[in-house]
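K.L.:
Dropping in structure.pdb, which is PDB, C-alpha atoms:
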ATOM      1  CA  MET A   1      64.632  77.989 122.056
ATOM      2  CA  THR A   2      61.395  79.434 120.713
ATOM      3  CA  SER A   3      60.438  79.304 117.079
ATOM      4  CA  LYS A   4      60.655  83.100 116.911
ATOM      5  CA  THR A   5      64.205  83.060 118.287
ATOM      6  CA  LEU A   6      65.225  80.347 115.856
ATOM      7  CA  LEU A   7      63.678  82.307 112.986
ATOM      8  CA  ALA A   8      65.584  85.432 114.012
ATOM      9  CA  ILE A   9      68.846  83.492 114.123
ATOM     10  CA  LEU A  10      68.221  82.016 110.692
ATOM     11  CA  ILE A  11      67.390  85.429 109.251
ATOM     12  CA  CYS A  12      70.601  86.907 110.662
ATOM     13  CA  ALA A  13      72.624  83.983 109.353
ATOM     14  CA  ALA A  14      71.024  84.297 105.941
ATOM     15  CA  SER A  15      71.706  88.042 105.893
ATOM     16  CA  ALA A  16      75.348  87.507 106.846
ATOM     17  CA  SER A  17      75.698  84.823 104.176
ATOM     18  CA  ALA A  18      74.122  87.081 101.554
ATOM     19  CA  ALA A  19      76.383  89.954 102.558
ATOM     20  CA  ALA A  20      79.428  87.688 102.240
ATOM     21  CA  GLN A  21      78.274  86.482  98.839
ATOM     22  CA  GLU A  22      77.879  90.065  97.654
ATOM     23  CA  LEU A  23      81.562  90.795  98.263
ATOM     24  CA  THR A  24      83.640  90.979  95.101
ATOM     25  CA  GLY A  25      87.204  91.612  94.043
ATOM     26  CA  THR A  26      89.837  92.476  96.628
ATOM     27  CA  LEU A  27      87.418  92.730  99.541
ATOM     28  CA  ALA A  28      86.149  89.225  98.829
ATOM     29  CA  LYS A  29      89.735  87.979  98.646
ATOM     30  CA  ILE A  30      90.614  89.545 102.005
ATOM     31  CA  LYS A  31      87.503  88.091 103.630
ATOM     32  CA  ARG A  32      88.137  84.654 102.168
ATOM     33  CA  THR A  33      91.853  84.399 102.917
ATOM     34  CA  GLY A  34      92.178  86.622 105.979
ATOM     35  CA  THR A  35      95.181  88.264 104.337
ATOM     36  CA  ILE A  36      96.142  91.265 102.210
ATOM     37  CA  THR A  37      99.386  91.511 100.244
ATOM     38  CA  LEU A  38     101.221  94.813  99.912
ATOM     39  CA  GLY A  39     103.718  95.386  97.130
ATOM     40  CA  VAL A  40     106.695  97.108  98.766
ATOM     41  CA  ARG A  41     110.081  98.440  97.676
ATOM     42  CA  ASP A  42     113.550  97.756  99.076
ATOM     43  CA  GLY A  43     115.042 101.211  98.525
ATOM     44  CA  SER A  44     112.462 103.869  97.641
ATOM     45  CA  VAL A  45     113.245 106.157 100.593
ATOM     46  CA  PRO A  46     111.156 107.532 102.315
ATOM     47  CA  PHE A  47     108.131 105.956 100.632
ATOM     48  CA  SER A  48     108.843 102.240 100.971
ATOM     49  CA  TYR A  49     112.132 100.659 102.042
ATOM     50  CA  LEU A  50     113.889  98.264 104.415
ATOM     51  CA  ASP A  51     115.117  99.409 107.809
ATOM     52  CA  ASP A  52     118.042  97.922 109.743
ATOM     53  CA  LYS A  53     115.772  95.137 111.044
ATOM     54  CA  GLN A  54     114.787  94.182 107.480
ATOM     55  CA  GLN A  55     111.260  95.493 108.077
ATOM     56  CA  TYR A  56     109.422  97.422 105.359
ATOM     57  CA  ILE A  57     108.628 100.957 106.445
ATOM     58  CA  GLY A  58     107.841 104.329 104.862
ATOM     59  CA  TYR A  59     105.273 106.974 104.055
ATOM     60  CA  SER A  60     103.466 104.815 101.479
ATOM     61  CA  VAL A  61     103.462 101.828 103.820
ATOM     62  CA  ASP A  62     101.819 103.961 106.523
ATOM     63  CA  LEU A  63      99.106 105.041 104.072
ATOM     64  CA  CYS A  64      98.507 101.461 102.967
ATOM     65  CA  MET A  65      98.101 100.371 106.574
ATOM     66  CA  LYS A  66      95.323 102.958 106.942
ATOM     67  CA  ILE A  67      93.550 101.175 104.082
ATOM     68  CA  VAL A  68      94.124  97.765 105.678
ATOM     69  CA  THR A  69      92.573  98.959 108.938
ATOM     70  CA  ALA A  70      89.561 100.396 107.084
ATOM     71  CA  ALA A  71      89.044  97.163 105.130
ATOM     72  CA  GLN A  72      89.235  95.080 108.289
ATOM     73  CA  LYS A  73      86.631  97.290 109.951
ATOM     74  CA  GLN A  74      84.279  97.275 106.953
ATOM     75  CA  LEU A  75      84.504  93.484 106.679
ATOM     76  CA  GLY A  76      83.878  93.013 110.399
ATOM     77  CA  MET A  77      87.083  91.028 110.856
ATOM     78  CA  THR A  78      89.022  90.886 114.120
ATOM     79  CA  SER A  79      92.347  90.808 112.278
ATOM     80  CA  VAL A  80      93.877  90.776 108.811
ATOM     81  CA  LYS A  81      97.313  89.288 108.168
ATOM     82  CA  VAL A  82      99.491  91.689 106.171
ATOM     83  CA  LEU A  83     101.977  90.096 103.769
ATOM     84  CA  MET A  84     104.839  92.160 102.344
ATOM     85  CA  ASN A  85     105.827  91.236  98.775
ATOM     86  CA  PRO A  86     108.904  93.012  97.319
ATOM     87  CA  VAL A  87     108.315  94.564  93.886
ATOM     88  CA  THR A  88     110.329  96.563  91.371
ATOM     89  CA  PRO A  89     109.238  99.265  88.922
ATOM     90  CA  ALA A  90     109.447  96.648  86.172
ATOM     91  CA  ASN A  91     107.242  93.959  87.741
ATOM     92  CA  ARG A  92     104.803  95.826  90.011
ATOM     93  CA  ILE A  93     102.031  96.248  87.415
ATOM     94  CA  PRO A  94     102.113  92.591  86.246
ATOM     95  CA  LEU A  95     102.069  91.433  89.885
ATOM     96  CA  MET A  96      99.047  93.638  90.518
ATOM     97  CA  ALA A  97      97.243  92.373  87.429
ATOM     98  CA  ASN A  98      97.798  88.683  88.217
ATOM     99  CA  GLY A  99      96.627  89.014  91.820
ATOM    100  CA  THR A 100      99.978  88.538  93.555
ATOM    101  CA  ILE A 101      99.693  91.922  95.319
ATOM    102  CA  ASP A 102      96.563  93.826  96.363
ATOM    103  CA  LEU A 103      98.049  97.301  96.929
ATOM    104  CA  GLU A 104     101.306  98.709  95.579
ATOM    105  CA  CYS A 105     102.813 100.797  98.359
ATOM    106  CA  GLY A 106     105.830 102.416  96.726
ATOM    107  CA  SER A 107     106.434 105.530  94.640
ATOM    108  CA  ALA A 108     104.495 104.901  91.447
ATOM    109  CA  THR A 109     103.686 107.699  89.010
ATOM    110  CA  ASN A 110     100.028 107.891  88.056
ATOM    111  CA  ASN A 111      99.707 108.469  84.304
ATOM    112  CA  ALA A 112      97.144 107.786  81.595
ATOM    113  CA  GLU A 113      99.094 104.849  80.148
ATOM    114  CA  ARG A 114      99.236 103.041  83.479
ATOM    115  CA  GLN A 115      95.575 103.719  84.178
ATOM    116  CA  LYS A 116      94.781 101.424  81.258
ATOM    117  CA  GLN A 117      96.245  98.585  83.340
ATOM    118  CA  VAL A 118      95.714  99.524  87.000
ATOM    119  CA  ALA A 119      93.761 101.972  89.146
ATOM    120  CA  PHE A 120      95.238 104.587  91.472
ATOM    121  CA  ALA A 121      94.228 105.890  94.866
ATOM    122  CA  PRO A 122      93.948 109.664  95.360
ATOM    123  CA  THR A 123      97.333 111.296  94.769
ATOM    124  CA  MET A 124      99.628 111.076  97.801
ATOM    125  CA  PHE A 125     102.596 113.105  96.497
ATOM    126  CA  VAL A 126     103.564 115.400  93.619
ATOM    127  CA  VAL A 127     107.119 115.341  92.302
ATOM    128  CA  ALA A 128     109.280 117.017  89.681
ATOM    129  CA  ASN A 129     111.653 114.952  87.555
ATOM    130  CA  LYS A 130     115.167 116.382  87.738
ATOM    131  CA  LEU A 131     118.835 115.458  87.390
ATOM    132  CA  LEU A 132     121.247 114.587  90.177
ATOM    133  CA  VAL A 133     124.864 115.440  89.396
ATOM    134  CA  LYS A 134     128.188 115.954  91.089
ATOM    135  CA  LYS A 135     128.798 119.649  91.734
ATOM    136  CA  SER A 136     132.172 119.381  90.036
ATOM    137  CA  SER A 137     130.534 118.273  86.760
ATOM    138  CA  GLY A 138     129.262 121.729  85.796
ATOM    139  CA  ILE A 139     125.987 120.178  84.565
ATOM    140  CA  LYS A 140     123.044 122.507  85.165
ATOM    141  CA  SER A 141     120.399 121.215  82.749
ATOM    142  CA  LEU A 142     119.574 118.338  80.427
ATOM    143  CA  ALA A 143     121.119 120.267  77.519
ATOM    144  CA  ASP A 144     124.499 120.013  79.282
ATOM    145  CA  MET A 145     124.284 116.208  79.061
ATOM    146  CA  LYS A 146     125.109 116.097  75.337
ATOM    147  CA  GLY A 147     127.297 113.072  74.603
ATOM    148  CA  LYS A 148     127.374 111.997  78.247
ATOM    149  CA  ALA A 149     126.043 108.956  80.116
ATOM    150  CA  LEU A 150     122.757 109.249  81.993
ATOM    151  CA  VAL A 151     121.393 106.610  84.364
ATOM    152  CA  VAL A 152     117.697 105.908  84.983
ATOM    153  CA  THR A 153     115.888 103.144  86.879
ATOM    154  CA  ALA A 154     114.295 100.281  84.950
ATOM    155  CA  GLY A 155     110.529 100.368  84.543
ATOM    156  CA  THR A 156     110.074 104.008  85.535
ATOM    157  CA  THR A 157     108.342 106.786  83.620
ATOM    158  CA  THR A 158     111.674 108.597  83.743
ATOM    159  CA  GLN A 159     113.262 105.900  81.578
ATOM    160  CA  LYS A 160     110.710 106.473  78.820
ATOM    161  CA  GLN A 161     110.850 110.247  79.062
ATOM    162  CA  MET A 162     114.653 110.420  78.886
ATOM    163  CA  THR A 163     114.713 108.134  75.856
ATOM    164  CA  ILE A 164     112.256 110.408  74.042
ATOM    165  CA  LEU A 165     114.060 113.632  75.010
ATOM    166  CA  ASN A 166     117.442 112.167  74.087
ATOM    167  CA  ASN A 167     116.204 111.569  70.551
ATOM    168  CA  GLU A 168     114.168 114.762  70.203
ATOM    169  CA  MET A 169     116.916 117.052  71.509
ATOM    170  CA  GLY A 170     119.682 115.194  69.640
ATOM    171  CA  LEU A 171     121.716 114.813  72.822
ATOM    172  CA  GLY A 172     123.439 111.585  71.903
ATOM    173  CA  MET A 173     123.404 110.444  75.521
ATOM    174  CA  THR A 174     124.213 106.901  76.532
ATOM    175  CA  ILE A 175     121.286 105.862  78.716
ATOM    176  CA  LEU A 176     122.232 103.339  81.377
ATOM    177  CA  VAL A 177     119.588 101.439  83.346
ATOM    178  CA  GLY A 178     119.819 100.535  87.020
ATOM    179  CA  LYS A 179     117.661  97.709  88.345
ATOM    180  CA  ASP A 180     116.568  99.920  91.268
ATOM    181  CA  HIS A 181     117.216 103.394  92.668
ATOM    182  CA  PRO A 182     120.227 102.404  94.817
ATOM    183  CA  GLU A 183     121.952 100.830  91.814
ATOM    184  CA  SER A 184     121.240 103.922  89.713
ATOM    185  CA  PHE A 185     122.854 106.131  92.350
ATOM    186  CA  LEU A 186     125.851 103.780  92.543
ATOM    187  CA  MET A 187     126.444 104.279  88.800
ATOM    188  CA  LEU A 188     126.538 108.045  89.366
ATOM    189  CA  GLU A 189     128.687 107.720  92.482
ATOM    190  CA  THR A 190     131.275 105.538  90.754
ATOM    191  CA  GLY A 191     131.486 107.736  87.653
ATOM    192  CA  ARG A 192     129.807 105.367  85.204
ATOM    193  CA  ALA A 193     127.146 108.044  84.650
ATOM    194  CA  ALA A 194     127.436 111.819  84.628
ATOM    195  CA  ALA A 195     123.899 112.276  85.933
ATOM    196  CA  GLN A 196     120.977 110.360  87.356
ATOM    197  CA  ALA A 197     117.434 111.284  86.292
ATOM    198  CA  ASN A 198     114.689 110.643  88.816
ATOM    199  CA  ASP A 199     111.971 112.274  90.900
ATOM    200  CA  ASP A 200     113.274 115.114  93.042
ATOM    201  CA  ILE A 201     112.191 113.651  96.388
ATOM    202  CA  LEU A 202     113.903 110.320  95.635
ATOM    203  CA  LEU A 203     117.071 112.151  94.617
ATOM    204  CA  ALA A 204     116.920 114.233  97.807
ATOM    205  CA  ALA A 205     116.703 111.030  99.843
ATOM    206  CA  GLN A 206     119.762 109.591  98.107
ATOM    207  CA  VAL A 207     121.804 112.731  98.722
ATOM    208  CA  ALA A 208     120.767 112.817 102.382
ATOM    209  CA  ALA A 209     121.826 109.188 102.843
ATOM    210  CA  ALA A 210     125.109 109.431 100.912
ATOM    211  CA  LYS A 211     128.419 109.464 102.795
ATOM    212  CA  ASN A 212     129.595 112.332 100.606
ATOM    213  CA  GLY A 213     126.245 114.047 100.035
ATOM    214  CA  ALA A 214     127.832 117.512  99.950
ATOM    215  CA  GLU A 215     129.422 116.577  96.612
ATOM    216  CA  TYR A 216     126.049 116.345  94.859
ATOM    217  CA  GLU A 217     123.340 118.737  93.746
ATOM    218  CA  ILE A 218     119.913 118.465  92.148
ATOM    219  CA  THR A 219     119.463 120.611  89.065
ATOM    220  CA  ARG A 220     116.794 123.310  89.195
ATOM    221  CA  GLU A 221     115.320 122.452  85.789
ATOM    222  CA  ALA A 222     112.058 120.517  86.171
ATOM    223  CA  LEU A 223     111.669 118.002  83.362
ATOM    224  CA  SER A 224     108.214 116.862  84.429
ATOM    225  CA  VAL A 225     105.555 117.165  87.104
ATOM    226  CA  GLU A 226     104.142 113.806  88.164
ATOM    227  CA  PRO A 227     101.586 112.612  90.738
ATOM    228  CA  TYR A 228     102.343 109.585  92.905
ATOM    229  CA  GLY A 229      99.581 107.204  93.930
ATOM    230  CA  ILE A 230      99.042 103.832  95.551
ATOM    231  CA  MET A 231      98.130 101.292  92.871
ATOM    232  CA  LEU A 232      95.240  98.830  93.061
ATOM    233  CA  ARG A 233      93.451  96.599  90.571
ATOM    234  CA  ARG A 234      91.182  98.052  87.912
ATOM    235  CA  ASP A 235      87.476  97.232  87.717
ATOM    236  CA  ASP A 236      87.154  96.729  91.471
ATOM    237  CA  PRO A 237      84.699  99.535  92.387
ATOM    238  CA  ALA A 238      83.938  98.412  95.944
ATOM    239  CA  PHE A 239      87.598  98.330  96.980
ATOM    240  CA  LYS A 240      88.355 101.542  95.075
ATOM    241  CA  GLN A 241      85.536 103.264  96.955
ATOM    242  CA  LEU A 242      86.953 102.124 100.296
ATOM    243  CA  VAL A 243      90.489 103.199  99.348
ATOM    244  CA  ASP A 244      89.386 106.621  98.100
ATOM    245  CA  ALA A 245      87.183 107.331 101.112
ATOM    246  CA  THR A 246      89.848 106.198 103.580
ATOM    247  CA  LEU A 247      92.644 108.325 102.149
ATOM    248  CA  THR A 248      90.427 111.356 101.556
ATOM    249  CA  ARG A 249      89.407 111.353 105.217
ATOM    250  CA  PHE A 250      92.996 110.903 106.318
ATOM    251  CA  TYR A 251      94.428 113.592 104.019
ATOM    252  CA  GLN A 252      91.984 116.110 105.482
ATOM    253  CA  SER A 253      92.539 115.106 109.107
ATOM    254  CA  ASP A 254      94.903 116.695 111.634
ATOM    255  CA  ASP A 255      96.884 113.447 111.773
ATOM    256  CA  PHE A 256      98.079 113.657 108.175
ATOM    257  CA  LYS A 257     100.584 116.436 108.837
ATOM    258  CA  LYS A 258     102.102 114.323 111.620
ATOM    259  CA  VAL A 259     102.682 111.475 109.172
ATOM    260  CA  TYR A 260     104.109 113.843 106.541
ATOM    261  CA  ASP A 261     106.486 115.452 109.039
ATOM    262  CA  LYS A 262     107.518 112.010 110.313
ATOM    263  CA  TRP A 263     108.883 111.008 106.902
ATOM    264  CA  PHE A 264     109.877 114.279 105.229
ATOM    265  CA  MET A 265     110.790 116.709 108.022
ATOM    266  CA  SER A 266     112.295 114.487 110.738
ATOM    267  CA  PRO A 267     115.186 112.028 111.123
ATOM    268  CA  ILE A 268     114.140 108.657 109.707
ATOM    269  CA  PRO A 269     115.532 105.181 110.281
ATOM    270  CA  PRO A 270     117.840 103.461 109.909
ATOM    271  CA  LYS A 271     120.490 106.189 109.624
ATOM    272  CA  GLY A 272     118.591 109.122 111.093
ATOM    273  CA  ILE A 273     118.733 111.182 107.911
ATOM    274  CA  ASN A 274     116.421 114.188 107.599
ATOM    275  CA  LEU A 275     115.187 115.058 104.109
ATOM    276  CA  ASN A 276     114.014 118.533 105.206
ATOM    277  CA  PHE A 277     111.474 118.492 102.379
ATOM    278  CA  PRO A 278     108.609 120.899 103.187
ATOM    279  CA  MET A 279     105.239 120.009 101.712
ATOM    280  CA  PRO A 280     105.143 121.321  98.107
ATOM    281  CA  PRO A 281     102.273 123.707  97.261
ATOM    282  CA  GLN A 282     101.074 121.267  94.573
ATOM    283  CA  LEU A 283     100.628 118.604  97.243
ATOM    284  CA  GLN A 284      98.856 121.002  99.596
ATOM    285  CA  ALA A 285      96.377 121.779  96.821
ATOM    286  CA  VAL A 286      95.627 118.141  95.976
ATOM    287  CA  LEU A 287      95.185 117.211  99.625
ATOM    288  CA  ALA A 288      92.536 119.899  99.935
ATOM    289  CA  LYS A 289      90.730 118.498  96.879
ATOM    290  CA  PRO A 290      91.836 114.867  96.443
ATOM    291  CA  THR A 291      91.934 113.452  92.924
ATOM    292  CA  ASP A 292      93.291 110.416  91.112
ATOM    293  CA  SER A 293      93.739 112.337  87.851
ATOM    294  CA  PRO A 294      96.756 111.252  85.781
ATOM    295  CA  ASP A 295      96.917 114.649  84.039
ATOM    296  CA  PRO A 296      99.995 116.663  85.126
ATOM    297  CA  ALA A 297      98.060 119.858  84.370
ATOM    298  CA  ALA A 298      95.769 119.012  87.302
ATOM    299  CA  TYR A 299      98.700 119.625  89.640
ATOM    300  CA  ALA A 300     100.948 122.295  88.135
ATOM    301  CA  ALA A 301     102.068 123.973  84.930
ATOM    302  CA  ILE A 302     103.600 121.315  82.674
ATOM    303  CA  PRO A 303     107.339 121.883  82.045
ATOM    304  CA  PRO A 304     108.341 122.361  78.376
ATOM    305  CA  ALA A 305     110.383 119.128  78.358
ATOM    306  CA  GLN A 306     107.357 117.155  79.511
ATOM    307  CA  GLN A 307     105.179 118.791  76.857
ATOM    308  CA  ALA A 308     107.742 117.843  74.209
ATOM    309  CA  ALA A 309     107.866 114.234  75.409
ATOM    310  CA  ALA A 310     104.071 114.040  75.383
ATOM    311  CA  ARG A 311     103.907 115.367  71.797
ATOM    312  CA  LYS A 312     106.487 112.809  70.707
ATOM    313  CA  LYS A 313     104.405 109.914  72.081
ATOM    314  CA  LYS A 314     101.313 110.938  70.076
TER     315      LYS A 314
END
Would you kindly transcribe this structure into structure tokens?
P.N.:
Amino acid sequence: MTSKTLLAILICAASASAAAQELTGTLAKIKRTGTITLGVRDGSVPFSYLDDKQQYIGYSVDLCMKIVTAAQKQLGMTSVKVLMNPVTPANRIPLMANGTIDLECGSATNNAERQKQVAFAPTMFVVANKLLVKKSSGIKSLADMKGKALVVTAGTTTQKQMTILNNEMGLGMTILVGKDHPESFLMLETGRAAAQANDDILLAAQVAAAKNGAEYEITREALSVEPYGIMLRRDDPAFKQLVDATLTRFYQSDDFKKVYDKWFMSPIPPKGINLNFPMPPQLQAVLAKPTDSPDPAAYAAIPPAQQAAARKKK
């Protein structure tokens, strides 16, 4: 080996070592451990849930895997082991902050309060908060819930909003709390609650999966407009840049519609239910100009109930 060849090898090795040393945050963790941990949900259909083989699947999981592939490529790794860590609305932010999970691949609302604790990828979905009721109940709006029991899921933005509106509107509701979305629906199904408050797409998924789905309806009244985003750690600019660039490219590619239709317009496992949920115009707009803004006004006109809840928090 000539001295010039040896020098070239040493320079390359030094450059590779320097590049590795420059890695920070999540990218450094992936490179060091060869793994990435995704926070996933058991029953947030069709975003993140368990199929009949006890495998985590869903729209959000697919998007997170796009990020994993991009990180692997950027780091020059031949493979990255993906670990699935179940989370709930109540513990997902603490698990992100303490390093247990690297991406939260569920159905998390992006709002200003949460952005003080975590960062969000460009918005992947836009929902409206509504009520799910039995058709026989005669309930058409939140005002009809006076003196009745309402169920919400623990740790969600809906839980906070309903508590505020219950007090502000003097409804006197009993607010029950389910540990997850399936338990919340069970409380409605068994008559413990007269209505379930949640995001419209999650309610649509529950109705589609229910044995007696024809007995239920989602109220027309929108109580809020909220953006969904994949969560990642704050103050990690290199990883945030990779996440943003990856999803922006994907949102604006021809392949994105195929993924959307796979989860929202086609039969999905394990039961073959079809949500028949065409892409909302608010989502079409944000995909054309991706943003991680937590401001509901960036996506649609803010419903009066959401404005009232926001005023109450100030």
K.L.:
Expand the PyMOL selection byres ((chain A and resi 140-157) around 9) into the individual residues it matches in the shown file, reporting them as a count of residues only.
P.N.:
49
K.L.:
Please tabulate, as CSV, the residues of region 97-182 of chain A that come within 10 Å of region 250-271 of chain A, each with its closest pair of atoms and the distance in Å to one decimal, counting only C-alpha atoms and ordering rows by chain, then residue number upward.
P.N.:
residue,atom,partner,partner_atom,distance
A:Pro122,CA,A:Tyr251,CA,9.5
A:Thr123,CA,A:Tyr251,CA,10.0
A:Met124,CA,A:Tyr251,CA,8.5
K.L.:
Could you pull the residues within 7 Å of region 28-45 of chain A, counting all atoms listed in the file, minus those fewer than 5 positions along the same chain, as a ChimeraX atom specification?
P.N.:
/A:23,50,75,80-88,101-107,181-182,202,205
K.L.:
Work out where the centre of an axis-aligned box around every listed atom of region 294-306 of chain A lies and how long its edges are once 4 Å is added on each side; give both in Å to one decimal as lines of an AutoDock Vina configuration file.
P.N.:
center_x = 103.1
center_y = 117.6
center_z = 84.0
size_x = 22.6
size_y = 20.7
size_z = 19.3
K.L.:
Suppose you want the space between CA of Glu189 (chain A) and CA of Ile164 (chain A); what is it in Å?
P.N.:
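Computing the Euclidean distance for CA of Glu189 (chain A) and CA of Ile164 (chain A) yields 24.8 Å.
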K.L.:
List as a ChimeraX atom specification the protein and nucleic acid residues near Tyr216 (chain A), meaning an atom at most 8 Å away when all atoms listed in the file are counted, but skip any in the same chain fewer than 5 places from it.
P.N.:
/A:132-135,207
K.L.:
Nearest to Ala119 (chain A): which of A:Gly76, A:Gly229, A:Pro281, A:Pro46 is it, counting only C-alpha atoms?
P.N.:
A:Gly229
K.L.:
Write out as number ranges by chain each polymer residue whose atoms come within 10 Å of Gln115 (chain A), counting all atoms listed in the file; drop sequence neighbours fewer than 4 positions from it.
P.N.:
A: 110-111, 119-120, 231, 233-234, 292-294
K.L.:
Just the selected residues (C-alpha atoms), exported as a PDB file, in the frame of the given file, please.
P.N.:
ATOM      1  CA  ASN A 110     100.028 107.891  88.056  1.00  0.00           C
ATOM      2  CA  ASN A 111      99.707 108.469  84.304  1.00  0.00           C
ATOM      3  CA  ALA A 119      93.761 101.972  89.146  1.00  0.00           C
ATOM      4  CA  PHE A 120      95.238 104.587  91.472  1.00  0.00           C
ATOM      5  CA  MET A 231      98.130 101.292  92.871  1.00  0.00           C
ATOM      6  CA  ARG A 233      93.451  96.599  90.571  1.00  0.00           C
ATOM      7  CA  ARG A 234      91.182  98.052  87.912  1.00  0.00           C
ATOM      8  CA  ASP A 292      93.291 110.416  91.112  1.00  0.00           C
ATOM      9  CA  SER A 293      93.739 112.337  87.851  1.00  0.00           C
ATOM     10  CA  PRO A 294      96.756 111.252  85.781  1.00  0.00           C
TER      11      PRO A 294
END
K.L.:
I'd like to see the residues matched by the PyMOL selection byres ((chain A and resi 57) around 9) on this file, and ideally I'd get them as number ranges by chain.
P.N.:
A: 40, 46-51, 55-56, 58-62, 269
K.L.:
Please compute the CA of Gln307 (chain A)-CA of Ala128 (chain A) distance, one decimal, in Å.
P.N.:
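If I compute the distance from CA of Gln307 (chain A) to CA of Ala128 (chain A), I get 13.6 Å.
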K.L.:
Care to translate the PyMOL selection byres ((chain A and resi 237) around 12) into actual residues of this file, as a compact mmCIF listing (two decimals) with C-alpha atoms, in the frame of the given file?
P.N.:
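As a result, selection-v8.txt now contains:
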# COMPACT_ATOMS: atom_id res chain seq x y z
CA LEU A 23 81.56 90.80 98.26
CA THR A 24 83.64 90.98 95.10
CA GLY A 25 87.20 91.61 94.04
CA THR A 26 89.84 92.48 96.63
CA LEU A 27 87.42 92.73 99.54
CA ALA A 119 93.76 101.97 89.15
CA PHE A 120 95.24 104.59 91.47
CA ALA A 121 94.23 105.89 94.87
CA LEU A 232 95.24 98.83 93.06
CA ARG A 233 93.45 96.60 90.57
CA ARG A 234 91.18 98.05 87.91
CA ASP A 235 87.48 97.23 87.72
CA ASP A 236 87.15 96.73 91.47
CA ALA A 238 83.94 98.41 95.94
CA PHE A 239 87.60 98.33 96.98
CA LYS A 240 88.36 101.54 95.08
CA GLN A 241 85.54 103.26 96.96
CA LEU A 242 86.95 102.12 100.30
CA VAL A 243 90.49 103.20 99.35
CA ASP A 244 89.39 106.62 98.10
CA ALA A 245 87.18 107.33 101.11
K.L.:
Grab the CA of Ala305 (chain A) to CA of Glu226 (chain A) distance for me, in Å with one decimal place.
P.N.:
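It comes out at 12.8 Å.
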K.L.:
With a distance cut-off of 7 Å and all atoms listed in the file, select the neighbouring residues of Ile302 (chain A), excluding the residue or stretch itself and same-chain residues fewer than 3 positions from it, and output the selection as a PyMOL selection string.
P.N.:
chain A and resi 224-225+296-297+306-307
K.L.:
From the set A:Ala208, A:Val118, A:Ser136, A:Met77, which residue has the shortest atom-to-atom contact distance to Leu95 (chain A), counting all atoms listed in the file?
P.N.:
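Smallest separation from Leu95 (chain A) among the options: A:Val118.
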K.L.:
Which is closer to Arg114 (chain A) than all the others in A:Tyr228, A:Val286, A:Ala214, A:Leu275, using all atoms listed in the file?
P.N.:
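Looking only at the distances to Arg114 (chain A), the closest residue turns out to be A:Tyr228.
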K.L.:
Taking only C-alpha atoms into account, which of A:Gln72, A:Ala112, A:Leu247, A:Arg92 comes nearest Thr291 (chain A)?
P.N.:
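For Thr291 (chain A), the nearest of the candidates is A:Leu247.
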K.L.:
Could region 155-164 of chain A be completed with N, CA, C and O atoms and returned as a PDB file, keeping the file's coordinate frame?
P.N.:
ATOM      1  N   GLY A 155     111.966 100.437  84.326  1.00  0.00           N
ATOM      2  CA  GLY A 155     110.529 100.368  84.543  1.00  0.00           C
ATOM      3  C   GLY A 155     109.876 101.645  85.005  1.00  0.00           C
ATOM      4  O   GLY A 155     108.673 101.664  85.285  1.00  0.00           O
ATOM      5  N   THR A 156     110.631 102.737  85.080  1.00  0.00           N
ATOM      6  CA  THR A 156     110.074 104.008  85.535  1.00  0.00           C
ATOM      7  C   THR A 156     109.619 104.864  84.362  1.00  0.00           C
ATOM      8  O   THR A 156     110.050 104.678  83.217  1.00  0.00           O
ATOM      9  N   THR A 157     108.755 105.835  84.650  1.00  0.00           N
ATOM     10  CA  THR A 157     108.342 106.786  83.620  1.00  0.00           C
ATOM     11  C   THR A 157     109.526 107.640  83.180  1.00  0.00           C
ATOM     12  O   THR A 157     109.587 108.096  82.035  1.00  0.00           O
ATOM     13  N   THR A 158     110.476 107.827  84.073  1.00  0.00           N
ATOM     14  CA  THR A 158     111.674 108.597  83.743  1.00  0.00           C
ATOM     15  C   THR A 158     112.453 107.938  82.617  1.00  0.00           C
ATOM     16  O   THR A 158     112.980 108.615  81.726  1.00  0.00           O
ATOM     17  N   GLN A 159     112.534 106.623  82.626  1.00  0.00           N
ATOM     18  CA  GLN A 159     113.262 105.900  81.578  1.00  0.00           C
ATOM     19  C   GLN A 159     112.674 106.211  80.205  1.00  0.00           C
ATOM     20  O   GLN A 159     113.413 106.508  79.250  1.00  0.00           O
ATOM     21  N   LYS A 160     111.361 106.175  80.101  1.00  0.00           N
ATOM     22  CA  LYS A 160     110.710 106.473  78.820  1.00  0.00           C
ATOM     23  C   LYS A 160     110.916 107.927  78.411  1.00  0.00           C
ATOM     24  O   LYS A 160     111.221 108.240  77.258  1.00  0.00           O
ATOM     25  N   GLN A 161     110.736 108.826  79.382  1.00  0.00           N
ATOM     26  CA  GLN A 161     110.850 110.247  79.062  1.00  0.00           C
ATOM     27  C   GLN A 161     112.256 110.602  78.596  1.00  0.00           C
ATOM     28  O   GLN A 161     112.433 111.346  77.617  1.00  0.00           O
ATOM     29  N   MET A 162     113.280 110.085  79.261  1.00  0.00           N
ATOM     30  CA  MET A 162     114.653 110.420  78.886  1.00  0.00           C
ATOM     31  C   MET A 162     115.008 109.863  77.509  1.00  0.00           C
ATOM     32  O   MET A 162     115.756 110.488  76.751  1.00  0.00           O
ATOM     33  N   THR A 163     114.471 108.705  77.181  1.00  0.00           N
ATOM     34  CA  THR A 163     114.713 108.134  75.856  1.00  0.00           C
ATOM     35  C   THR A 163     114.131 109.034  74.769  1.00  0.00           C
ATOM     36  O   THR A 163     114.776 109.296  73.746  1.00  0.00           O
ATOM     37  N   ILE A 164     112.910 109.515  75.010  1.00  0.00           N
ATOM     38  CA  ILE A 164     112.256 110.408  74.042  1.00  0.00           C
ATOM     39  C   ILE A 164     113.019 111.725  73.917  1.00  0.00           C
ATOM     40  O   ILE A 164     113.310 112.195  72.799  1.00  0.00           O
TER      41      ILE A 164
END
